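Have a look at protein-v1.txt; it's compact mmCIF, C-alpha atoms and all ligand atoms:
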```txt
# COMPACT_ATOMS: atom_id res chain seq x y z
CA MET A 22 5.22 30.92 51.25
CA ILE A 23 2.78 33.81 50.96
CA SER A 24 2.95 36.55 53.53
CA ALA A 25 0.83 39.69 53.59
CA ALA A 26 1.25 42.30 56.31
CA ASP A 27 -0.71 45.41 57.23
CA VAL A 28 -2.58 45.51 53.91
CA THR A 29 -4.87 48.49 53.42
CA PHE A 30 -7.11 49.05 50.40
CA ALA A 31 -9.91 51.36 49.30
CA TYR A 32 -12.15 51.47 46.20
CA ASN A 33 -12.59 55.09 45.11
CA GLY A 34 -11.84 56.33 48.61
CA THR A 35 -14.11 53.80 50.36
CA PRO A 36 -11.96 51.71 52.76
CA VAL A 37 -12.35 47.95 52.23
CA LEU A 38 -9.29 46.46 53.97
CA ALA A 39 -7.58 47.90 57.05
CA GLY A 40 -4.30 46.49 58.38
CA VAL A 41 -4.91 42.93 57.16
CA GLY A 42 -2.28 40.20 57.49
CA LEU A 43 -2.16 36.64 56.15
CA ASN A 44 0.49 33.94 56.29
CA ALA A 45 0.52 30.76 54.24
CA ASP A 46 3.57 28.61 54.97
CA SER A 47 5.02 26.40 52.25
CA GLY A 48 2.71 23.54 51.35
CA ARG A 49 -0.10 24.73 53.61
CA VAL A 50 -3.73 25.30 52.66
CA VAL A 51 -5.05 28.53 54.16
CA GLY A 52 -8.77 29.29 53.97
CA LEU A 53 -9.98 32.86 53.65
CA ILE A 54 -13.46 33.07 55.14
CA GLY A 55 -15.89 35.80 56.16
CA PRO A 56 -19.32 37.23 55.41
CA ASN A 57 -20.33 38.75 52.08
CA GLY A 58 -18.46 41.96 51.37
CA SER A 59 -15.86 41.43 54.11
CA GLY A 60 -13.01 41.83 51.58
CA LYS A 61 -11.97 38.25 50.71
CA THR A 62 -11.83 38.64 46.92
CA THR A 63 -10.15 42.03 47.26
CA LEU A 64 -7.42 40.55 49.47
CA LEU A 65 -6.96 37.57 47.15
CA ARG A 66 -6.55 39.92 44.17
CA ILE A 67 -3.94 41.91 46.09
CA LEU A 68 -2.04 38.65 46.77
CA TYR A 69 -1.59 38.07 43.02
CA SER A 70 -0.98 41.71 42.24
CA ALA A 71 -4.20 42.27 40.27
CA LEU A 72 -4.87 45.12 42.72
CA THR A 73 -2.30 47.39 44.33
CA PRO A 74 -2.85 48.06 48.03
CA ARG A 75 -2.70 51.56 49.49
CA GLY A 76 -0.34 50.27 52.13
CA GLY A 77 1.27 47.07 53.39
CA THR A 78 3.34 44.33 51.77
CA VAL A 79 2.79 41.00 50.02
CA LEU A 80 5.74 38.62 49.84
CA ILE A 81 5.97 35.45 47.75
CA ASP A 82 8.81 33.38 49.20
CA ASP A 83 10.26 36.55 50.73
CA GLN A 84 10.11 38.46 47.45
CA PRO A 85 7.67 41.38 47.06
CA VAL A 86 4.93 40.24 44.64
CA THR A 87 5.20 43.65 42.96
CA SER A 88 8.82 42.89 42.02
CA LEU A 89 7.91 39.75 40.05
CA ALA A 90 8.01 40.40 36.31
CA SER A 91 4.75 39.82 34.43
CA ARG A 92 6.20 36.66 32.83
CA GLU A 93 7.49 35.34 36.15
CA LEU A 94 4.24 35.90 38.09
CA PRO A 95 2.16 33.12 36.42
CA ARG A 96 5.04 30.68 36.82
CA ARG A 97 4.95 31.32 40.56
CA ILE A 98 1.22 31.80 41.18
CA ALA A 99 -1.73 30.01 39.54
CA VAL A 100 -5.12 31.64 40.02
CA VAL A 101 -8.63 30.25 39.75
CA ALA A 102 -10.65 33.46 39.93
CA GLN A 103 -14.41 33.90 40.21
CA GLU A 104 -14.83 35.64 36.87
CA THR A 105 -15.07 33.08 34.08
CA PRO A 106 -12.76 33.82 31.17
CA PRO A 107 -14.22 35.42 28.03
CA GLU A 108 -16.51 33.13 26.09
CA LEU A 109 -13.99 32.31 23.39
CA PRO A 110 -14.59 29.41 20.99
CA VAL A 111 -11.90 27.21 22.49
CA THR A 112 -11.90 23.52 23.32
CA VAL A 113 -11.52 22.25 26.86
CA ALA A 114 -8.10 20.77 25.96
CA ASP A 115 -6.90 24.11 24.57
CA MET A 116 -8.18 25.99 27.63
CA VAL A 117 -6.06 23.73 29.84
CA LEU A 118 -3.06 24.06 27.51
CA LEU A 119 -3.18 27.83 28.16
CA GLY A 120 -1.83 26.93 31.60
CA ARG A 121 1.41 26.02 29.83
CA ALA A 122 1.74 29.43 28.14
CA PRO A 123 3.87 31.02 30.91
CA HIS A 124 6.47 28.29 30.30
CA ARG A 125 7.18 29.15 26.67
CA SER A 126 7.72 32.26 24.58
CA ALA A 127 4.90 33.62 22.42
CA LEU A 128 6.32 32.13 19.21
CA GLN A 129 7.20 28.74 20.64
CA ALA A 130 4.87 25.81 19.86
CA TYR A 131 3.57 23.63 22.69
CA THR A 132 5.83 20.66 23.34
CA ALA A 133 4.85 17.01 23.79
CA GLU A 134 5.43 17.55 27.52
CA ASP A 135 2.94 20.46 27.53
CA TYR A 136 0.29 18.20 25.95
CA ARG A 137 1.07 15.41 28.42
CA LEU A 138 0.78 17.73 31.42
CA ALA A 139 -2.48 19.24 30.14
CA ALA A 140 -3.99 15.77 29.55
CA ALA A 141 -2.88 14.61 33.00
CA ALA A 142 -4.44 17.71 34.60
CA LEU A 143 -7.75 17.08 32.79
CA HIS A 144 -7.66 13.49 33.96
CA ARG A 145 -7.13 14.59 37.58
CA VAL A 146 -10.34 16.65 37.56
CA GLY A 147 -12.35 13.93 35.79
CA MET A 148 -12.75 15.91 32.56
CA ARG A 149 -10.71 13.88 30.06
CA GLU A 150 -13.75 12.65 28.10
CA LEU A 151 -14.81 16.27 27.51
CA ALA A 152 -11.40 17.38 26.15
CA ASP A 153 -12.76 18.11 22.65
CA ARG A 154 -15.89 19.98 23.79
CA ASP A 155 -16.26 23.72 23.24
CA PHE A 156 -15.53 25.34 26.64
CA THR A 157 -18.52 27.69 26.27
CA THR A 158 -20.95 24.74 26.12
CA LEU A 159 -19.89 23.31 29.51
CA SER A 160 -22.00 23.45 32.66
CA GLY A 161 -20.84 25.80 35.45
CA GLY A 162 -19.26 22.91 37.34
CA GLU A 163 -17.49 21.52 34.27
CA LYS A 164 -16.10 25.00 33.54
CA GLN A 165 -14.84 25.25 37.10
CA ARG A 166 -13.11 21.88 36.90
CA THR A 167 -11.52 22.86 33.57
CA LEU A 168 -10.13 26.07 35.12
CA ILE A 169 -8.73 24.08 38.02
CA ALA A 170 -7.10 21.70 35.51
CA ARG A 171 -5.56 24.75 33.80
CA ALA A 172 -4.13 25.89 37.15
CA ILE A 173 -2.70 22.40 37.77
CA ALA A 174 -1.09 22.36 34.29
CA GLN A 175 0.50 25.71 35.10
CA GLN A 176 2.71 23.95 37.71
CA ALA A 177 3.12 27.07 39.84
CA ASP A 178 4.21 26.55 43.44
CA HIS A 179 1.49 28.85 44.79
CA LEU A 180 -2.23 28.51 44.16
CA LEU A 181 -4.97 31.06 44.81
CA LEU A 182 -8.61 30.07 44.43
CA ASP A 183 -11.75 32.20 44.81
CA GLU A 184 -14.71 30.05 45.81
CA PRO A 185 -13.62 27.08 43.67
CA THR A 186 -16.56 24.99 44.87
CA ASN A 187 -19.14 27.37 43.39
CA HIS A 188 -21.33 25.45 40.93
CA LEU A 189 -19.95 22.08 42.05
CA ASP A 190 -22.13 19.29 43.35
CA ILE A 191 -21.27 17.81 46.75
CA HIS A 192 -19.14 15.05 45.25
CA TYR A 193 -16.99 17.46 43.24
CA GLN A 194 -16.80 19.99 46.10
CA HIS A 195 -14.97 17.36 48.09
CA GLU A 196 -13.06 15.93 45.15
CA VAL A 197 -11.73 19.33 44.06
CA LEU A 198 -10.65 20.37 47.56
CA HIS A 199 -9.15 16.93 48.21
CA LEU A 200 -7.21 17.38 44.98
CA VAL A 201 -6.10 20.89 45.92
CA ARG A 202 -4.74 19.54 49.22
CA ALA A 203 -3.05 16.64 47.48
CA LEU A 204 -1.14 19.06 45.22
CA GLY A 205 0.88 19.94 48.32
CA ILE A 206 1.57 23.51 47.19
CA THR A 207 1.09 26.73 49.12
CA THR A 208 -2.60 27.56 48.72
CA VAL A 209 -4.98 30.33 49.73
CA VAL A 210 -8.61 29.48 49.06
CA VAL A 211 -11.70 31.65 49.57
CA LEU A 212 -14.51 29.49 50.92
CA HIS A 213 -18.04 30.21 52.11
CA ASP A 214 -18.76 26.67 53.26
CA LEU A 215 -17.23 26.47 56.74
CA ASN A 216 -17.58 22.68 56.86
CA LEU A 217 -15.41 22.40 53.76
CA ALA A 218 -12.98 24.83 55.40
CA ALA A 219 -12.96 22.61 58.51
CA ARG A 220 -12.04 19.55 56.50
CA TYR A 221 -9.52 20.87 53.99
CA CYS A 222 -7.74 23.90 55.49
CA ASP A 223 -4.76 23.90 57.84
CA HIS A 224 -5.23 27.51 58.87
CA LEU A 225 -7.98 30.07 58.47
CA VAL A 226 -8.15 33.83 58.23
CA LEU A 227 -11.59 35.17 59.14
CA LEU A 228 -12.32 38.61 57.72
CA ASP A 229 -15.04 40.83 59.12
CA ARG A 230 -15.74 44.21 57.52
CA GLY A 231 -12.22 44.53 56.17
CA SER A 232 -10.29 43.44 59.26
CA VAL A 233 -9.03 40.11 60.55
CA ALA A 234 -11.47 38.96 63.23
CA LYS A 235 -9.41 35.82 63.93
CA ALA A 236 -6.58 33.90 62.30
CA GLY A 237 -4.94 30.65 63.26
CA PRO A 238 -5.24 26.88 63.11
CA THR A 239 -8.64 25.84 61.72
CA ALA A 240 -9.97 24.50 65.03
CA ASP A 241 -9.12 27.77 66.81
CA VAL A 242 -11.11 29.85 64.32
CA LEU A 243 -14.16 27.63 63.85
CA THR A 244 -15.56 28.06 67.34
CA ARG A 245 -18.99 29.26 68.43
CA GLU A 246 -17.47 32.25 70.24
CA VAL A 247 -15.58 33.43 67.16
CA LEU A 248 -18.21 32.73 64.48
CA GLU A 249 -21.49 33.85 66.08
CA PRO A 250 -20.75 37.59 66.32
CA VAL A 251 -19.24 37.68 62.82
CA TYR A 252 -21.92 35.69 60.92
CA ARG A 253 -24.84 36.57 63.21
CA VAL A 254 -26.16 33.01 63.31
CA SER A 255 -26.23 30.45 66.09
CA VAL A 256 -23.43 27.93 65.74
CA ARG A 257 -23.03 24.45 67.19
CA VAL A 258 -19.75 22.58 66.76
CA LEU A 259 -20.18 18.81 66.66
CA ASP A 260 -17.37 16.32 67.03
CA ASP A 261 -18.05 14.01 64.09
CA GLU A 262 -16.00 10.84 63.52
CA ASP A 263 -13.15 12.24 61.41
CA CYS A 264 -13.80 15.98 61.28
CA MET A 265 -15.65 18.66 63.20
CA GLN A 266 -19.08 19.57 61.82
CA LEU A 267 -20.72 22.94 62.18
CA VAL A 268 -24.47 23.30 62.43
CA PHE A 269 -26.07 26.71 61.92
CA ARG A 270 -29.41 28.09 63.01
CA PRO A 271 -30.79 31.56 62.36
CA GLN A 272 -30.70 33.85 65.34
CA VAL A 273 -33.97 35.53 66.26
CA PHE A 274 -33.98 38.75 64.27
CA LEU A 275 -34.70 41.71 66.52
CA SER A 276 -36.96 43.33 63.94
CA GLU A 277 -39.18 40.23 63.70
CA PRO A 278 -42.47 40.28 65.61
CA GLN A 279 -42.16 37.94 68.59
CA PRO A 280 -44.97 35.42 69.25
CA SER A 281 -47.01 36.70 72.17
CA ALA A 282 -46.97 34.52 75.26
CA GLY A 283 -50.17 32.65 75.91
N1 LIG B 301 -14.69 47.25 41.83
C1 LIG B 301 -15.24 47.69 42.97
N2 LIG B 301 -15.59 48.98 43.11
C2 LIG B 301 -16.13 49.44 44.26
N3 LIG B 301 -16.38 48.66 45.33
C3 LIG B 301 -16.05 47.35 45.23
C4 LIG B 301 -15.48 46.80 44.05
N4 LIG B 301 -15.27 45.48 44.25
C5 LIG B 301 -15.71 45.22 45.51
N5 LIG B 301 -16.18 46.33 46.10
C6 LIG B 301 -16.71 46.44 47.47
O1 LIG B 301 -15.68 46.08 48.37
C7 LIG B 301 -16.20 45.33 49.47
C8 LIG B 301 -15.47 44.00 49.56
O2 LIG B 301 -15.77 43.26 48.39
P1 LIG B 301 -15.15 41.82 48.15
O3 LIG B 301 -15.65 41.33 46.83
O4 LIG B 301 -13.69 41.86 48.36
O5 LIG B 301 -15.82 41.00 49.35
P2 LIG B 301 -16.00 39.43 49.54
O6 LIG B 301 -15.71 39.16 50.97
O7 LIG B 301 -15.19 38.69 48.54
O8 LIG B 301 -17.56 39.29 49.25
P3 LIG B 301 -18.45 38.01 48.76
O9 LIG B 301 -18.39 37.00 49.85
O10 LIG B 301 -19.82 38.64 48.66
O11 LIG B 301 -17.90 37.54 47.46
C9 LIG B 301 -17.70 45.19 49.21
O12 LIG B 301 -18.36 46.19 49.96
C10 LIG B 301 -17.84 45.47 47.73
O13 LIG B 301 -19.09 46.06 47.44
```

Rendering of file as structure tokens:
Amino acid sequence: MISAADVTFAYNGTPVLAGVGLNADSGRVVGLIGPNGSGKTTLLRILYSALTPRGGTVLIDDQPVTSLASRELPRRIAVVAQETPPELPVTVADMVLLGRAPHRSALQAYTAEDYRLAAAALHRVGMRELADRDFTTLSGGEKQRTLIARAIAQQADHLLLDEPTNHLDIHYQHEVLHLVRALGITTVVVLHDLNLAARYCDHLVLLDRGSVAKAGPTADVLTREVLEPVYRVSVRVLDDEDCMQLVFRPQVFLSEPQPSAG
């Protein structure tokens, strides 16, 4: 379980989050959505203690995240962040093996089980054939899938992902999020694509300029009334066969010259 309450944060005195809360129950997938600059990445980084909030609390299974020792943290929380790791000359297989590092001491060699778990994780993201490739030579989407494989190999019981579908084609967008759901672990995922959020998230937290505009079950958040004022687009919610579909249209911008009648 991940539980954040009343989180406040500022960069160099500029407020970015004000009294934000988020709850992800065990095994649930919670989507963090909101316009550019609304504070999603900042909140995610606070959840894994990469940033320290000015106020508020973050609990991981009822334990303050700040009380987890630096060795314990990666065993509890796997992170797929937006920044790609440094361009080190490392193979795809070795990059995924790094996910096993929190489970052994610095001087301990990887075990056969570590190699098996890393290979299985690569297989799950469809990257096994590229195991021997230099990570730096991969396409953006292949890099993303490798980093997700590393998070899977890490076997943490909490997973945080920042726009994991960036760079992925439509097939892999769905495959990766389907996979994330199938892992069955407590997950918070930043998503821009609200149709992916509709399909793969149990709950959503919608941020708007550093505050929670709406939080709750996915269908309660993805409504025209909630989304239109926050995203400033026209929204239609369609009832497709197996999942709601959102259709967006630009609103008429007030500054635009209007066609004259007649
Ligand atoms: N290191 C930083 N120093 C100063 N301001 C920052 C820093 N990082 C982010 N910000 C500002 O904080 C606000 C929130 O940024 P954040 O990246 O959390 O938003 P976001 O919702 O993830 O945005 P996006 O959807 O564009 O990725 C933005 O106004 C951003 O410019």

inquiry  = Would you compute the distance between atom CA of Thr35 of chain A and atom O4 of ligand LIG 301 (chain B)? Give it in Å to one decimal.
reply    =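 Interatomic distance, atom CA of Thr35 of chain A to atom O4 of ligand LIG 301 (chain B): 12.1 Å.
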
Report, as JSON, the centre and edge lengths in Å (one decimal) of the axis-aligned box enclosing every listed atom of ligand LIG 301 (chain B), padded by 3 Å on each side.
```
{"center_x": -16.8, "center_y": 43.2, "center_z": 46.4, "size_x": 12.1, "size_y": 18.4, "size_z": 15.1}
```

inquiry  = Could you list the protein, DNA and RNA residues that have any atom within 12 Å of ligand LIG 301 (chain B), counting all atoms listed in the file, and write them as a ChimeraX atom specification?
reply    = /A:30-39,53-67,71-72,102-104,182-185,187,210-214,226-233,252

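Nearest to Ile169 of chain A of all the residues A:Ser88, A:Gln266, A:Thr157, A:Thr186 is A:Thr186, based on all atoms listed in the file.
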
key: Distance in Å - atom CA of Leu119 of chain A versus atom CA of Thr207 of chain A   =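 Distance between the two atoms: 21.4 Å.
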
query = At what distance in Å, to one decimal, does atom CA of Leu189 of chain A lie from atom CA of Leu204 of chain A?
reply =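 One can read the atom CA of Leu204 of chain A to atom CA of Leu189 of chain A distance as 19.3 Å.
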
request  = Compare A:Arg49, A:Thr29, A:Gln129, A:Asp190 by their minimum atom-to-atom distance to Ser160 of chain A, counting all atoms listed in the file, and give me the closest one.
outcome  =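 The shortest atom-to-atom distance to Ser160 of chain A comes from A:Asp190.
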
query = Which residues, written as a ChimeraX atom specification, have at least one atom at most 10 Å from segment 235-248 of chain A, with all atoms listed in the file counted and residues fewer than 4 positions away on the same chain left out?
reply = /A:42-44,51-55,215-216,218-229,252-258,265-267,269

query = Quick one: of A:Ala172, A:Glu249, A:Arg97, A:Gln165, who's nearest to Pro271 of chain A, counting all atoms listed in the file?
reply =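 Among the listed residues, A:Glu249 lies closest to Pro271 of chain A.
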
key: Among listed residues A:Arg75, A:His144, A:Arg270, A:Arg92, nearest Ala174 of chain A (using only C-alpha atoms)   = A:His144

ask   = Smallest atom-to-atom distance to Asp135 of chain A: which of A:Asp155, A:Asp27, A:Asp115, A:Asp261, using all atoms listed in the file?
value = A:Asp115

ask   = Around (5.5, 25.7, 37.6) in the file's frame, which residues reach within 8 Å when counting only C-alpha atoms? Return as a PyMOL selection string?
value = chain A and resi 96-97+124+175-178

key: A:Leu138, A:Val117, A:Val111, A:Ile191 ranked by distance to Gly162 of chain A, top pick (using all atoms listed in the file)   =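 Of all the options, A:Ile191 lies closest to Gly162 of chain A.
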